[in-house]
Amino acid sequence: MDNYVICIGRQFCSGGRQVGKMLAERLGIDFYDAELLRENAKTLGIEDGIFDMFDEKPTRSFLFSVVMDPYAIDSAVNEGKVVEAQRKVISVAADKGPCVIVGRRADKILENDYNVISVFIGADMEHRIARYLERESVNERSARRFIERKDRERAAYYNYIGDGKWSKADNYTMCFNTSKMDKETIVEIIAYYIEKTTA
């Protein structure tokens with residue numbers, strides 16, 4: 001299992017991206033999040049905006065964007081082109097060697113062609129709210145609503161080509177709660193598993 005890919009799914013404000021970045025550094029492998037994948041899309045000649053149109057939101061949001069801003073989609077005349085653009089970018093990243101990919105339902109996109117280790121990161125709502133309030137000046141009620149909306153969007157996005165199991169333990173290799181276990185310990189557990197499995 002030399003060319004493995006660790007795919008990180010996460011609840012909003014759970015610290016999943018941080019875990020992914022720490023894990024990539026611990027293992028000495030590449031790390032990709034939305035920003036880095038977007039940069040890769042440009043180098044592959046994918047038109048600006050196409051990669052982001054399906055930005056961890058469900059199909060309905062994509063169709064709404066088409067109706068409200070048709071000029072933004074240029075030649076992306078249907079959601080299929082957007083999905084394939086993301087599939088291409090994620091696959092090219094995986095082809096380069098072992099890596100960590102955060103979000104973008106990478107585990108489902110890659111599962112049939114790559115050695116995928118899927119990890120889900122969650123956290124208790126009160127901790128997620130506290131994390132959100134550290135960076136945004138809103139009240140607790142607004143923070144909760146925003147977090148819940150982001151989770152619904154991620155679930156709908158993932159389930160669009162998945163099996164309805166976003167955040168469900170039986171869909172992942174490992175699941176962790178950052179409210180109950182610190183990120184460093186989570187990283188060490190995943191790294192231990194990877195090192196044992198890929199030895």
# chains A, B, ... in the order shown; residues from 1 in each chain; ligands from 1
call {"tool": "closest_atom_pairs", "arguments": {"of": "region 86-105 of chain A", "to": "region 3-22 of chain A", "cutoff": "9 Å", "atoms": "only C-alpha atoms", "output": "JSON lines"}}
result
{"residue": "A:Ala94", "atom": "CA", "partner": "A:Val5", "partner_atom": "CA", "distance": 6.5}
{"residue": "A:Asp95", "atom": "CA", "partner": "A:Asn3", "partner_atom": "CA", "distance": 7.8}
{"residue": "A:Lys96", "atom": "CA", "partner": "A:Asn3", "partner_atom": "CA", "distance": 8.4}
{"residue": "A:Gly97", "atom": "CA", "partner": "A:Asn3", "partner_atom": "CA", "distance": 5.2}
{"residue": "A:Pro98", "atom": "CA", "partner": "A:Tyr4", "partner_atom": "CA", "distance": 4.9}
{"residue": "A:Cys99", "atom": "CA", "partner": "A:Val5", "partner_atom": "CA", "distance": 5.2}
{"residue": "A:Val100", "atom": "CA", "partner": "A:Ile6", "partner_atom": "CA", "distance": 4.7}
{"residue": "A:Ile101", "atom": "CA", "partner": "A:Cys7", "partner_atom": "CA", "distance": 5.0}
{"residue": "A:Val102", "atom": "CA", "partner": "A:Ile8", "partner_atom": "CA", "distance": 4.7}
{"residue": "A:Gly103", "atom": "CA", "partner": "A:Gly9", "partner_atom": "CA", "distance": 5.2}
{"residue": "A:Arg104", "atom": "CA", "partner": "A:Gly9", "partner_atom": "CA", "distance": 8.2}
{"residue": "A:Arg105", "atom": "CA", "partner": "A:Gly9", "partner_atom": "CA", "distance": 7.3}
call {"tool": "write_last_selection", "arguments": {"atoms": "all heavy atoms", "output": "PDB file, in the first residue's frame"}}
result
ATOM      1  N   ALA A  94      -3.634  12.656  -5.913  1.00  0.00           N
ATOM      2  CA  ALA A  94      -3.394  11.309  -5.380  1.00  0.00           C
ATOM      3  C   ALA A  94      -2.323  10.575  -6.169  1.00  0.00           C
ATOM      4  O   ALA A  94      -1.560   9.779  -5.611  1.00  0.00           O
ATOM      5  CB  ALA A  94      -4.700  10.516  -5.379  1.00  0.00           C
ATOM      6  N   ASP A  95      -2.250  10.840  -7.471  1.00  0.00           N
ATOM      7  CA  ASP A  95      -1.262  10.162  -8.323  1.00  0.00           C
ATOM      8  C   ASP A  95       0.174  10.534  -7.974  1.00  0.00           C
ATOM      9  O   ASP A  95       1.110   9.795  -8.292  1.00  0.00           O
ATOM     10  CB  ASP A  95      -1.514  10.505  -9.802  1.00  0.00           C
ATOM     11  CG  ASP A  95      -2.693   9.732 -10.384  1.00  0.00           C
ATOM     12  OD1 ASP A  95      -3.057   8.693  -9.805  1.00  0.00           O
ATOM     13  OD2 ASP A  95      -3.242  10.186 -11.401  1.00  0.00           O
ATOM     14  N   LYS A  96       0.357  11.667  -7.326  1.00  0.00           N
ATOM     15  CA  LYS A  96       1.710  12.137  -7.030  1.00  0.00           C
ATOM     16  C   LYS A  96       2.367  11.354  -5.905  1.00  0.00           C
ATOM     17  O   LYS A  96       3.581  11.420  -5.736  1.00  0.00           O
ATOM     18  CB  LYS A  96       1.677  13.631  -6.680  1.00  0.00           C
ATOM     19  CG  LYS A  96       1.297  14.517  -7.860  1.00  0.00           C
ATOM     20  CD  LYS A  96       1.262  15.971  -7.455  1.00  0.00           C
ATOM     21  CE  LYS A  96       0.896  16.870  -8.639  1.00  0.00           C
ATOM     22  NZ  LYS A  96       0.815  18.295  -8.245  1.00  0.00           N
ATOM     23  N   GLY A  97       1.563  10.629  -5.130  1.00  0.00           N
ATOM     24  CA  GLY A  97       2.119   9.846  -4.030  1.00  0.00           C
ATOM     25  C   GLY A  97       1.263   9.967  -2.791  1.00  0.00           C
ATOM     26  O   GLY A  97       0.210  10.611  -2.807  1.00  0.00           O
ATOM     27  N   PRO A  98       1.694   9.349  -1.696  1.00  0.00           N
ATOM     28  CA  PRO A  98       0.917   9.414  -0.451  1.00  0.00           C
ATOM     29  C   PRO A  98       0.590  10.859  -0.090  1.00  0.00           C
ATOM     30  O   PRO A  98       1.435  11.751  -0.229  1.00  0.00           O
ATOM     31  CB  PRO A  98       1.856   8.775   0.578  1.00  0.00           C
ATOM     32  CG  PRO A  98       2.710   7.855  -0.229  1.00  0.00           C
ATOM     33  CD  PRO A  98       2.931   8.572  -1.540  1.00  0.00           C
ATOM     34  N   CYS A  99      -0.626  11.082   0.399  1.00  0.00           N
ATOM     35  CA  CYS A  99      -1.033  12.448   0.723  1.00  0.00           C
ATOM     36  C   CYS A  99      -2.235  12.435   1.655  1.00  0.00           C
ATOM     37  O   CYS A  99      -2.874  11.401   1.870  1.00  0.00           O
ATOM     38  CB  CYS A  99      -1.354  13.236  -0.542  1.00  0.00           C
ATOM     39  SG  CYS A  99      -2.735  12.577  -1.513  1.00  0.00           S
ATOM     40  N   VAL A 100      -2.518  13.602   2.187  1.00  0.00           N
ATOM     41  CA  VAL A 100      -3.724  13.844   2.980  1.00  0.00           C
ATOM     42  C   VAL A 100      -4.586  14.811   2.191  1.00  0.00           C
ATOM     43  O   VAL A 100      -4.100  15.857   1.743  1.00  0.00           O
ATOM     44  CB  VAL A 100      -3.397  14.449   4.360  1.00  0.00           C
ATOM     45  CG1 VAL A 100      -4.675  14.829   5.095  1.00  0.00           C
ATOM     46  CG2 VAL A 100      -2.561  13.486   5.190  1.00  0.00           C
ATOM     47  N   ILE A 101      -5.868  14.476   2.009  1.00  0.00           N
ATOM     48  CA  ILE A 101      -6.808  15.364   1.330  1.00  0.00           C
ATOM     49  C   ILE A 101      -7.966  15.634   2.279  1.00  0.00           C
ATOM     50  O   ILE A 101      -8.594  14.703   2.794  1.00  0.00           O
ATOM     51  CB  ILE A 101      -7.339  14.755   0.024  1.00  0.00           C
ATOM     52  CG1 ILE A 101      -6.184  14.446  -0.932  1.00  0.00           C
ATOM     53  CG2 ILE A 101      -8.344  15.703  -0.640  1.00  0.00           C
ATOM     54  CD1 ILE A 101      -6.613  13.778  -2.231  1.00  0.00           C
ATOM     55  N   VAL A 102      -8.235  16.910   2.509  1.00  0.00           N
ATOM     56  CA  VAL A 102      -9.308  17.307   3.420  1.00  0.00           C
ATOM     57  C   VAL A 102     -10.563  17.648   2.623  1.00  0.00           C
ATOM     58  O   VAL A 102     -10.532  18.486   1.716  1.00  0.00           O
ATOM     59  CB  VAL A 102      -8.882  18.515   4.276  1.00  0.00           C
ATOM     60  CG1 VAL A 102     -10.051  18.995   5.135  1.00  0.00           C
ATOM     61  CG2 VAL A 102      -7.699  18.152   5.154  1.00  0.00           C
ATOM     62  N   GLY A 103     -11.665  16.998   2.978  1.00  0.00           N
ATOM     63  CA  GLY A 103     -12.967  17.320   2.387  1.00  0.00           C
ATOM     64  C   GLY A 103     -13.117  16.896   0.943  1.00  0.00           C
ATOM     65  O   GLY A 103     -12.444  15.991   0.454  1.00  0.00           O
ATOM     66  N   ARG A 104     -14.057  17.560   0.265  1.00  0.00           N
ATOM     67  CA  ARG A 104     -14.320  17.353  -1.165  1.00  0.00           C
ATOM     68  C   ARG A 104     -14.733  15.919  -1.491  1.00  0.00           C
ATOM     69  O   ARG A 104     -14.546  15.476  -2.610  1.00  0.00           O
ATOM     70  CB  ARG A 104     -13.092  17.729  -1.998  1.00  0.00           C
ATOM     71  CG  ARG A 104     -12.621  19.147  -1.794  1.00  0.00           C
ATOM     72  CD  ARG A 104     -13.470  20.112  -2.552  1.00  0.00           C
ATOM     73  NE  ARG A 104     -13.044  21.487  -2.325  1.00  0.00           N
ATOM     74  CZ  ARG A 104     -13.442  22.511  -3.059  1.00  0.00           C
ATOM     75  NH1 ARG A 104     -14.261  22.310  -4.078  1.00  0.00           N
ATOM     76  NH2 ARG A 104     -13.050  23.723  -2.790  1.00  0.00           N
ATOM     77  N   ARG A 105     -15.243  15.181  -0.496  1.00  0.00           N
ATOM     78  CA  ARG A 105     -15.645  13.765  -0.618  1.00  0.00           C
ATOM     79  C   ARG A 105     -14.597  12.947  -1.389  1.00  0.00           C
ATOM     80  O   ARG A 105     -14.894  12.072  -2.203  1.00  0.00           O
ATOM     81  CB  ARG A 105     -17.031  13.630  -1.238  1.00  0.00           C
ATOM     82  CG  ARG A 105     -17.133  14.001  -2.695  1.00  0.00           C
ATOM     83  CD  ARG A 105     -18.539  13.817  -3.221  1.00  0.00           C
ATOM     84  NE  ARG A 105     -18.541  14.329  -4.574  1.00  0.00           N
ATOM     85  CZ  ARG A 105     -19.535  14.969  -5.135  1.00  0.00           C
ATOM     86  NH1 ARG A 105     -20.632  15.172  -4.481  1.00  0.00           N
ATOM     87  NH2 ARG A 105     -19.455  15.381  -6.370  1.00  0.00           N
TER      88      ARG A 105
END
call {"tool": "select_by_dssp", "arguments": {"residues": "region 1-30 of chain A", "states": "strand (DSSP E or B)", "output": "list in words"}}
result
Tyr4, Val5, Ile6, Cys7, Ile8, Gly9, Arg10 and Asp30 of chain A
call {"tool": "write_last_selection", "arguments": {"atoms": "N, CA, C and O atoms", "output": "PDB file, in the first residue's frame"}}
result
ATOM      1  N   TYR A   4      -0.810   5.420  -0.720  1.00  0.00           N
ATOM      2  CA  TYR A   4      -2.071   5.550   0.013  1.00  0.00           C
ATOM      3  C   TYR A   4      -2.516   7.013   0.048  1.00  0.00           C
ATOM      4  O   TYR A   4      -1.731   7.939  -0.134  1.00  0.00           O
ATOM      5  N   VAL A   5      -3.809   7.186   0.289  1.00  0.00           N
ATOM      6  CA  VAL A   5      -4.376   8.523   0.422  1.00  0.00           C
ATOM      7  C   VAL A   5      -5.209   8.553   1.694  1.00  0.00           C
ATOM      8  O   VAL A   5      -6.088   7.708   1.887  1.00  0.00           O
ATOM      9  N   ILE A   6      -4.930   9.510   2.556  1.00  0.00           N
ATOM     10  CA  ILE A   6      -5.718   9.691   3.769  1.00  0.00           C
ATOM     11  C   ILE A   6      -6.734  10.792   3.498  1.00  0.00           C
ATOM     12  O   ILE A   6      -6.362  11.936   3.213  1.00  0.00           O
ATOM     13  N   CYS A   7      -7.996  10.448   3.550  1.00  0.00           N
ATOM     14  CA  CYS A   7      -9.069  11.403   3.270  1.00  0.00           C
ATOM     15  C   CYS A   7      -9.741  11.793   4.579  1.00  0.00           C
ATOM     16  O   CYS A   7     -10.211  10.926   5.323  1.00  0.00           O
ATOM     17  N   ILE A   8      -9.773  13.079   4.834  1.00  0.00           N
ATOM     18  CA  ILE A   8     -10.325  13.598   6.091  1.00  0.00           C
ATOM     19  C   ILE A   8     -11.686  14.240   5.845  1.00  0.00           C
ATOM     20  O   ILE A   8     -11.799  15.249   5.163  1.00  0.00           O
ATOM     21  N   GLY A   9     -12.717  13.633   6.416  1.00  0.00           N
ATOM     22  CA  GLY A   9     -14.032  14.269   6.464  1.00  0.00           C
ATOM     23  C   GLY A   9     -14.153  14.949   7.816  1.00  0.00           C
ATOM     24  O   GLY A   9     -13.519  14.525   8.791  1.00  0.00           O
ATOM     25  N   ARG A  10     -14.939  16.005   7.896  1.00  0.00           N
ATOM     26  CA  ARG A  10     -15.003  16.697   9.176  1.00  0.00           C
ATOM     27  C   ARG A  10     -16.253  17.537   9.315  1.00  0.00           C
ATOM     28  O   ARG A  10     -16.777  18.077   8.349  1.00  0.00           O
ATOM     29  N   ASP A  30       2.369  14.910   1.284  1.00  0.00           N
ATOM     30  CA  ASP A  30       1.689  16.110   0.802  1.00  0.00           C
ATOM     31  C   ASP A  30       0.344  16.305   1.499  1.00  0.00           C
ATOM     32  O   ASP A  30      -0.314  15.347   1.913  1.00  0.00           O
TER      33      ASP A  30
END
call {"tool": "atom_distance", "arguments": {"atom1": "CA of Tyr172 (chain A)", "atom2": "CA of Asp107 (chain A)"}}
result
9.1 Å
call {"tool": "atom_distance", "arguments": {"atom1": "CA of Leu27 (chain A)", "atom2": "CA of Ile194 (chain A)"}}
result
8.8 Å
call {"tool": "atom_distance", "arguments": {"atom1": "CA of Ile147 (chain A)", "atom2": "CA of Asp33 (chain A)"}}
result
19.1 Å
call {"tool": "closest_residue", "arguments": {"among": "A:Tyr193, A:Lys168, A:Ala143, A:Ala123", "to": "Ala155 (chain A)", "atoms": "only C-alpha atoms"}}
result
A:Lys168
